[in-house]
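J.: Structure file data-v3.csv, CSV, C-alpha atoms, is pasted below:
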```
chain,number,residue,atom,x,y,z
A,3,MET,CA,0.0,0.0,0.0
A,4,LEU,CA,1.1,3.5,-0.8
A,5,THR,CA,1.1,6.8,1.1
A,6,ILE,CA,-0.2,9.9,-0.6
A,7,SER,CA,3.4,11.0,-1.3
A,8,GLN,CA,4.3,7.7,-2.9
A,9,LEU,CA,1.0,7.7,-5.0
A,10,ALA,CA,1.9,11.2,-6.3
A,11,ALA,CA,5.4,10.2,-7.2
A,12,TYR,CA,4.2,7.1,-9.1
A,13,ALA,CA,1.8,9.2,-11.2
A,14,GLY,CA,4.2,12.1,-11.6
A,15,VAL,CA,2.0,14.7,-9.9
A,16,THR,CA,2.2,16.7,-6.7
A,17,VAL,CA,0.6,15.8,-3.4
A,18,ARG,CA,-1.3,19.1,-3.7
A,19,ALA,CA,-2.8,17.8,-7.1
A,20,VAL,CA,-3.8,14.6,-5.5
A,21,ARG,CA,-5.7,16.4,-2.8
A,22,HIS,CA,-7.3,18.7,-5.4
A,23,TYR,CA,-8.5,15.6,-7.3
A,24,HIS,CA,-10.0,14.2,-4.1
A,25,LYS,CA,-11.8,17.5,-3.4
A,26,ILE,CA,-13.4,17.7,-6.9
A,27,GLY,CA,-14.3,14.0,-6.9
A,28,LEU,CA,-12.0,12.7,-9.6
A,29,LEU,CA,-10.1,10.4,-7.3
A,30,PRO,CA,-11.9,8.6,-4.5
A,31,GLU,CA,-10.4,9.3,-1.1
A,32,PRO,CA,-9.7,6.1,0.9
A,33,GLU,CA,-10.6,5.7,4.5
A,34,ARG,CA,-7.9,6.1,7.1
A,35,ASP,CA,-6.3,2.9,8.5
A,36,ARG,CA,-5.9,2.1,12.1
A,37,SER,CA,-2.8,4.4,12.3
A,38,GLY,CA,-4.8,7.3,10.9
A,39,TYR,CA,-3.1,7.3,7.5
A,40,ARG,CA,-4.8,7.1,4.1
A,41,THR,CA,-3.2,4.4,1.9
A,42,TYR,CA,-3.6,3.7,-1.8
A,43,GLY,CA,-3.4,0.6,-4.0
A,44,ALA,CA,-2.7,-0.1,-7.7
A,45,PRO,CA,-6.2,1.0,-8.9
A,46,ALA,CA,-5.6,4.5,-7.4
A,47,VAL,CA,-2.3,4.7,-9.2
A,48,VAL,CA,-3.9,3.7,-12.5
A,49,ARG,CA,-6.7,6.2,-12.1
A,50,LEU,CA,-4.4,9.0,-11.1
A,51,ILE,CA,-2.2,8.3,-14.1
A,52,ARG,CA,-5.2,8.4,-16.4
A,53,ILE,CA,-6.4,11.7,-14.8
A,54,HIS,CA,-2.9,13.2,-15.2
A,55,THR,CA,-2.6,12.0,-18.8
A,56,LEU,CA,-6.0,13.6,-19.8
A,57,ALA,CA,-5.3,16.8,-17.9
A,58,SER,CA,-1.9,17.1,-19.5
A,59,ALA,CA,-3.4,16.6,-23.0
A,60,GLY,CA,-5.5,19.7,-22.4
A,61,VAL,CA,-8.8,18.1,-21.3
A,62,PRO,CA,-10.6,20.3,-18.9
A,63,LEU,CA,-11.0,18.7,-15.5
A,64,ALA,CA,-14.7,19.2,-15.7
A,65,LYS,CA,-14.8,16.7,-18.6
A,66,VAL,CA,-12.2,14.3,-17.3
A,67,GLN,CA,-14.7,12.4,-15.1
A,68,LYS,CA,-17.0,11.7,-18.0
A,69,LEU,CA,-14.1,10.4,-20.1
A,70,LEU,CA,-12.8,8.2,-17.3
A,71,ASP,CA,-16.2,6.5,-17.0
A,72,ALA,CA,-16.9,6.3,-20.7
A,73,GLY,CA,-16.9,3.2,-23.0
A,74,PRO,CA,-14.6,3.1,-26.1
A,75,GLU,CA,-17.0,4.7,-28.5
A,76,GLU,CA,-18.2,7.4,-26.0
A,77,PHE,CA,-14.5,8.1,-25.1
A,78,ALA,CA,-13.6,8.6,-28.8
A,79,GLY,CA,-16.5,10.9,-29.3
A,80,GLY,CA,-15.7,12.9,-26.2
A,81,VAL,CA,-12.1,13.3,-27.3
A,82,GLN,CA,-13.2,14.5,-30.7
A,83,GLU,CA,-15.5,17.0,-29.1
A,84,ILE,CA,-12.7,18.3,-26.9
A,85,ASP,CA,-10.4,18.5,-30.0
A,86,ALA,CA,-13.0,20.6,-31.8
A,87,ASP,CA,-13.2,22.9,-28.8
A,88,LEU,CA,-9.4,23.2,-28.7
A,89,ARG,CA,-9.3,24.0,-32.4
A,90,ALA,CA,-11.9,26.7,-32.0
A,91,GLU,CA,-9.9,28.1,-29.1
A,92,ILE,CA,-6.7,28.0,-31.2
A,93,ARG,CA,-8.4,30.0,-34.0
A,94,ARG,CA,-9.7,32.5,-31.5
A,95,LEU,CA,-6.2,33.0,-30.0
A,96,GLN,CA,-4.7,33.3,-33.5
A,97,ASP,CA,-7.3,36.0,-34.4
A,98,THR,CA,-6.4,37.7,-31.1
A,99,ARG,CA,-2.7,37.7,-32.0
A,100,LYS,CA,-3.4,39.1,-35.4
A,101,ARG,CA,-5.5,41.9,-33.9
A,102,LEU,CA,-2.8,42.6,-31.4
A,103,ALA,CA,-0.2,42.8,-34.2
A,104,ARG,CA,-2.4,45.2,-36.1
A,105,LEU,CA,-2.9,47.3,-32.9
A,106,ALA,CA,0.8,47.6,-32.6
A,107,ALA,CA,0.7,49.5,-35.9
A,108,GLY,CA,-1.3,52.2,-34.2
A,109,GLU,CA,-4.2,53.0,-36.4
A,110,HIS,CA,-6.1,49.7,-36.2
A,111,LEU,CA,-7.3,50.6,-32.7
A,112,ALA,CA,-11.0,51.1,-33.0
A,113,LEU,CA,-10.8,51.3,-36.9
A,114,PRO,CA,-11.9,48.7,-39.4
A,115,GLN,CA,-9.4,47.6,-42.1
A,116,SER,CA,-11.2,49.6,-44.8
A,117,VAL,CA,-10.5,52.8,-43.0
A,118,VAL,CA,-6.9,51.9,-42.4
A,119,ASP,CA,-6.5,51.2,-46.1
A,120,TYR,CA,-8.1,54.6,-46.9
A,121,LEU,CA,-5.7,56.4,-44.6
A,122,ASP,CA,-2.8,54.6,-46.3
A,123,ARG,CA,-4.1,55.8,-49.6
A,124,LEU,CA,-4.1,59.4,-48.4
A,125,ARG,CA,-0.5,58.9,-47.3
A,126,GLY,CA,0.3,57.8,-50.8
A,127,LEU,CA,-1.1,61.1,-52.0
A,128,GLY,CA,1.4,62.9,-49.8
A,129,VAL,CA,-1.0,64.0,-47.1
A,130,GLY,CA,0.9,65.0,-43.9
A,131,GLU,CA,0.7,62.9,-40.7
A,132,ARG,CA,-0.9,65.8,-38.8
A,133,TYR,CA,-3.9,65.8,-41.1
A,134,ILE,CA,-3.9,62.0,-41.2
A,135,GLU,CA,-4.3,62.0,-37.4
A,136,LEU,CA,-7.3,64.3,-37.7
A,137,GLU,CA,-8.9,62.0,-40.3
A,138,ARG,CA,-8.1,59.0,-38.2
A,139,ASP,CA,-9.8,60.4,-35.1
A,140,ALA,CA,-12.8,61.5,-37.1
A,141,TRP,CA,-13.2,58.0,-38.7
A,142,ILE,CA,-13.0,56.4,-35.2
A,143,MET,CA,-16.0,58.5,-34.2
A,144,ILE,CA,-17.8,57.8,-37.5
A,145,ALA,CA,-17.2,54.1,-37.4
A,146,ALA,CA,-18.7,54.0,-33.9
A,147,GLN,CA,-21.8,55.7,-35.1
A,148,VAL,CA,-22.4,53.7,-38.3
A,149,PRO,CA,-20.4,50.4,-37.7
A,150,HIS,CA,-22.5,48.5,-40.3
A,151,HIS,CA,-22.2,51.1,-43.0
A,152,ILE,CA,-18.6,52.2,-42.6
A,153,ASP,CA,-17.3,50.0,-45.5
A,154,PHE,CA,-19.9,51.6,-47.8
A,155,VAL,CA,-19.0,55.1,-46.7
A,156,ILE,CA,-15.3,54.4,-47.3
A,157,ALA,CA,-16.0,53.0,-50.7
A,158,LYS,CA,-17.6,56.3,-51.6
A,159,LYS,CA,-14.6,58.1,-50.3
A,160,HIS,CA,-12.4,56.0,-52.5
A,161,GLU,CA,-14.6,57.0,-55.5
A,162,GLU,CA,-14.2,60.7,-54.5
A,163,LEU,CA,-10.4,60.3,-54.7
A,164,ASP,CA,-10.8,59.6,-58.4
A,165,ASP,CA,-11.7,63.3,-58.7
A,166,PRO,CA,-8.7,65.5,-59.5
A,167,ASP,CA,-10.1,68.3,-57.3
A,168,MET,CA,-10.2,66.0,-54.3
A,169,VAL,CA,-6.7,64.8,-55.0
A,170,ARG,CA,-5.5,68.4,-55.2
A,171,LEU,CA,-7.4,69.2,-52.0
A,172,TYR,CA,-5.6,66.5,-50.0
A,173,SER,CA,-2.3,67.5,-51.5
A,174,LEU,CA,-2.6,70.8,-49.7
A,175,PHE,CA,-2.8,69.2,-46.3
A,176,THR,CA,0.9,68.8,-45.6
A,177,GLY,CA,2.9,69.8,-42.6
A,178,GLU,CA,1.3,71.8,-39.9
A,179,LEU,CA,-2.2,73.1,-40.2
A,180,ASP,CA,-1.9,76.5,-38.4
A,181,TRP,CA,-1.7,78.5,-41.6
A,182,PRO,CA,-1.7,82.3,-41.4
A,183,ALA,CA,-4.6,84.3,-42.8
A,184,ASP,CA,-2.7,85.3,-45.9
A,185,ASP,CA,-1.7,81.8,-46.8
A,186,PRO,CA,-2.8,81.2,-50.5
A,187,ARG,CA,-3.8,77.7,-49.7
A,188,ILE,CA,-6.7,78.9,-47.7
A,189,VAL,CA,-8.4,80.5,-50.8
A,190,GLU,CA,-7.5,77.5,-53.0
A,191,ILE,CA,-9.0,75.1,-50.5
A,192,ALA,CA,-12.2,77.2,-50.4
A,193,ASP,CA,-12.3,77.3,-54.2
A,194,ILE,CA,-12.0,73.5,-54.4
A,195,LEU,CA,-14.5,72.8,-51.6
A,196,GLU,CA,-17.0,75.1,-53.4
A,197,ARG,CA,-16.7,73.2,-56.6
A,198,LEU,CA,-17.1,69.9,-54.8
A,199,MET,CA,-20.1,71.3,-52.9
A,200,ILE,CA,-21.8,72.4,-56.1
A,201,ARG,CA,-21.3,69.0,-57.7
A,202,ALA,CA,-22.7,67.4,-54.5
A,203,VAL,CA,-25.8,69.6,-54.5
A,204,GLU,CA,-26.4,68.9,-58.2
A,205,ALA,CA,-26.1,65.1,-57.5
A,206,GLY,CA,-28.5,65.4,-54.6
A,207,GLU,CA,-25.8,64.2,-52.1
A,208,ALA,CA,-25.4,67.3,-50.0
A,209,GLY,CA,-26.6,67.2,-46.4
A,210,SER,CA,-27.5,63.5,-46.4
A,211,ASP,CA,-25.0,62.2,-43.9
A,212,GLY,CA,-27.3,60.4,-41.5
A,213,PHE,CA,-25.8,61.9,-38.4
A,214,ASP,CA,-27.6,63.9,-35.7
A,215,ASP,CA,-26.9,67.6,-35.3
A,216,GLN,CA,-24.9,67.2,-32.0
A,217,PHE,CA,-22.5,64.7,-33.7
A,218,VAL,CA,-22.0,67.0,-36.7
A,219,ALA,CA,-21.3,69.9,-34.3
A,220,LEU,CA,-18.8,67.7,-32.4
A,221,MET,CA,-17.0,66.8,-35.7
A,222,ASP,CA,-16.9,70.5,-36.8
A,223,SER,CA,-15.6,71.8,-33.5
A,224,THR,CA,-12.9,69.1,-33.5
A,225,MET,CA,-11.7,70.2,-36.9
A,226,LEU,CA,-11.8,73.9,-36.1
A,227,GLU,CA,-9.8,73.4,-32.8
A,228,SER,CA,-7.2,71.2,-34.5
A,229,ALA,CA,-6.7,73.3,-37.7
A,230,PRO,CA,-7.2,77.0,-37.2
A,231,GLY,CA,-7.0,77.5,-41.0
A,232,ALA,CA,-10.3,75.6,-41.3
A,233,GLU,CA,-12.1,78.5,-39.7
A,234,LEU,CA,-10.7,80.9,-42.3
A,235,VAL,CA,-11.9,78.5,-45.1
A,236,LEU,CA,-15.4,78.3,-43.6
A,237,ALA,CA,-15.5,82.1,-43.4
A,238,ILE,CA,-14.8,82.4,-47.1
A,239,LEU,CA,-17.3,79.7,-47.9
A,240,HIS,CA,-19.9,81.4,-45.8
A,241,GLU,CA,-19.5,84.6,-47.7
A,242,ARG,CA,-20.1,82.6,-50.9
A,243,GLY,CA,-23.3,81.1,-49.5
A,244,TRP,CA,-22.2,77.8,-47.8
A,245,ARG,CA,-22.0,76.6,-44.3
A,246,GLY,CA,-20.7,73.6,-42.4
A,247,TRP,CA,-17.6,71.4,-42.7
A,248,THR,CA,-18.9,67.9,-41.8
A,249,ARG,CA,-22.4,68.6,-43.2
A,250,VAL,CA,-22.2,71.1,-46.0
A,251,GLU,CA,-25.4,73.1,-46.7
A,252,ARG,CA,-26.4,75.9,-49.1
A,253,VAL,CA,-27.3,79.1,-47.2
A,254,VAL,CA,-30.4,80.9,-48.5
A,255,ALA,CA,-29.2,83.9,-50.4
A,256,ASP,CA,-30.9,86.6,-48.4
A,257,ARG,CA,-29.5,85.1,-45.1
A,258,VAL,CA,-25.9,85.0,-46.1
A,259,ASP,CA,-25.2,88.6,-44.9
A,260,THR,CA,-27.3,88.2,-41.7
A,261,GLU,CA,-26.0,84.9,-40.4
A,262,PRO,CA,-22.6,85.0,-38.7
A,263,PRO,CA,-20.1,82.3,-39.8
A,264,PRO,CA,-20.0,79.2,-37.6
A,265,PRO,CA,-17.8,79.5,-34.4
```
If you convert what's in this file into structure tokens, what do you get?

T.:
Amino acid sequence: MLTISQLAAYAGVTVRAVRHYHKIGLLPEPERDRSGYRTYGAPAVVRLIRIHTLASAGVPLAKVQKLLDAGPEEFAGGVQEIDADLRAEIRRLQDTRKRLARLAAGEHLALPQSVVDYLDRLRGLGVGERYIELERDAWIMIAAQVPHHIDFVIAKKHEELDDPDMVRLYSLFTGELDWPADDPRIVEIADILERLMIRAVEAGEAGSDGFDDQFVALMDSTMLESAPGAELVLAILHERGWRGWTRVERVVADRVDTEPPPP
């Protein structure tokens, strides 16, 4: 007969593990002998080795009991079920690793791949990182608002980049964005935006963004705070009968002179 220490040594486990298996009911706990000790025989060694083998193979302890008591066919089916669970877990962990690797690149945090690809396309056009950061933060907010439509929205943005005016517009966003009032880029940006707005109105696409007014105001204020030159551009556009940055709208002609430009 074996002591608990000897039993553990034969099976290649710790005494603590044996006691845990007793506690959860995997290994029957023998009665104490006249000397007050618990002793174990060969059946306990065999069962403990089987428990240890299954646990080492990755079988959850909650399923070990069922496998130990199963017949050949049920045992094979149980192993296949556990294998399928492990494969699913492996795929989940691999996906997690891929997501972590993308997060290490910075922009994948809270952004779908379609937006990251779009930002990379802007970089290819020579757009400066300062403006890329503004676009990235804006797209994070937009993606959270319309998660199921963001790929469609981005597809439209890619189409817009086929427009020479849009390409030229983005090419002006290089370096810092705190342009002085006499910077010629301000007027050029206003000219380009106006042409784009006119085409959007003619196509019936102006103002149909699907966002509530509070969200639009948040987006506009973020842009104005980050790029002071944007306020100068909006002032010029307002004089020409336009308002808004995120949601562009035509101002009624007789109200252009009475409405102040947006803050």

J.: Excluding Gln8 in chain A and residues on its chain fewer than 2 positions from it, collect all residues at most 12 Å away from it, counting all atoms listed in the file, and give them as a list in words.

T.: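 Selected residues are Met3, Leu4, Thr5, Ile6, Ala10, Ala11, Tyr12, Ala13, Gly14, Val15, Thr16, Val17, Val20, Arg40, Thr41, Tyr42, Gly43, Ala44, Ala46 and Val47 of chain A.
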
J.: Using all atoms listed in the file, what table do you get, as JSON lines, when you list each residue of range 129-167 of chain A with an atom no more than 12 Å from range 237-253 of chain A, its nearest pair of atoms, and their distance in Å rounded to one decimal, rows by chain then rising number?

T.:
```
{"residue": "A:Glu137", "atom": "CA", "partner": "A:Thr248", "partner_atom": "CA", "distance": 11.7}
{"residue": "A:Ala140", "atom": "CA", "partner": "A:Thr248", "partner_atom": "CA", "distance": 10.0}
{"residue": "A:Trp141", "atom": "CA", "partner": "A:Thr248", "partner_atom": "CA", "distance": 11.8}
{"residue": "A:Ile144", "atom": "CA", "partner": "A:Thr248", "partner_atom": "CA", "distance": 11.0}
```

J.: Residues of the last selection are to be written out with C-alpha atoms, as a PDB file, keeping the file's coordinate frame.

T.:
```pdb
ATOM      1  CA  GLU A 137      -8.900  62.000 -40.300  1.00  0.00           C
ATOM      2  CA  ALA A 140     -12.800  61.500 -37.100  1.00  0.00           C
ATOM      3  CA  TRP A 141     -13.200  58.000 -38.700  1.00  0.00           C
ATOM      4  CA  ILE A 144     -17.800  57.800 -37.500  1.00  0.00           C
TER       5      ILE A 144
END
```

J.: Just how far from CA of Leu236 in chain A is CA of Gly126 in chain A, in Å to one decimal?

T.: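 Pair CA of Gly126 in chain A / CA of Leu236 in chain A returns 26.8 Å.
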
J.: So, with all atoms listed in the file as the atoms that count, which of A:Arg138, A:Arg132, A:Lys65, A:Arg52 lies closest to Ala112 in chain A?

T.: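 Nearest to Ala112 in chain A: A:Arg138.
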
J.: Using all atoms listed in the file for the distances, tell me which of A:Leu136, A:Leu9, A:Val48, A:Leu56 is nearest to Ile84 in chain A.

T.: A:Leu56

J.: Between A:Asp85, A:Asp165, A:Phe217, A:Val129, single out the one closest to Ala146 in chain A, counting all atoms listed in the file.

T.: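 Selected residue with least distance to Ala146 in chain A: A:Phe217.
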
J.: List every protein, DNA or RNA residue with an atom no more than 12 Å from (-7.4, 73.9, -38.7) in the file's coordinates, counting all atoms listed in the file, and format the result as a CSV table (one decimal) with C-alpha atoms, keeping the file's coordinate frame.

T.:
```csv
chain,number,residue,atom,x,y,z
A,132,ARG,CA,-0.9,65.8,-38.8
A,133,TYR,CA,-3.9,65.8,-41.1
A,136,LEU,CA,-7.3,64.3,-37.7
A,175,PHE,CA,-2.8,69.2,-46.3
A,176,THR,CA,0.9,68.8,-45.6
A,177,GLY,CA,2.9,69.8,-42.6
A,178,GLU,CA,1.3,71.8,-39.9
A,179,LEU,CA,-2.2,73.1,-40.2
A,180,ASP,CA,-1.9,76.5,-38.4
A,181,TRP,CA,-1.7,78.5,-41.6
A,182,PRO,CA,-1.7,82.3,-41.4
A,183,ALA,CA,-4.6,84.3,-42.8
A,188,ILE,CA,-6.7,78.9,-47.7
A,191,ILE,CA,-9.0,75.1,-50.5
A,222,ASP,CA,-16.9,70.5,-36.8
A,223,SER,CA,-15.6,71.8,-33.5
A,224,THR,CA,-12.9,69.1,-33.5
A,225,MET,CA,-11.7,70.2,-36.9
A,226,LEU,CA,-11.8,73.9,-36.1
A,227,GLU,CA,-9.8,73.4,-32.8
A,228,SER,CA,-7.2,71.2,-34.5
A,229,ALA,CA,-6.7,73.3,-37.7
A,230,PRO,CA,-7.2,77.0,-37.2
A,231,GLY,CA,-7.0,77.5,-41.0
A,232,ALA,CA,-10.3,75.6,-41.3
A,233,GLU,CA,-12.1,78.5,-39.7
A,234,LEU,CA,-10.7,80.9,-42.3
A,235,VAL,CA,-11.9,78.5,-45.1
A,236,LEU,CA,-15.4,78.3,-43.6
A,247,TRP,CA,-17.6,71.4,-42.7
```

J.: Any idea what the distance is between CA of Pro45 in chain A and CA of Pro32 in chain A?

T.: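 Going from CA of Pro45 in chain A over to CA of Pro32 in chain A, I get 11.6 Å.
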
J.: Restricting the calculation to only C-alpha atoms: of A:Glu135, A:Asp71, A:Asp184, A:Asp122, which residue gets closest to Leu28 in chain A?

T.: A:Asp71

J.: Quote the spacing between CA of Ile156 in chain A and CA of Asp97 in chain A in Å to one decimal place.

T.: 23.9 Å

J.: Taking all atoms listed in the file into account, which of A:Met143, A:Gly60, A:Val155, A:Pro149 comes nearest Arg89 in chain A?

T.: A:Gly60

J.: Between A:Leu113, A:Leu95, A:Leu50, A:Leu163, which one has atoms that come closest to Gln147 in chain A, using all atoms listed in the file?

T.: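 Smallest separation from Gln147 in chain A among the options: A:Leu113.
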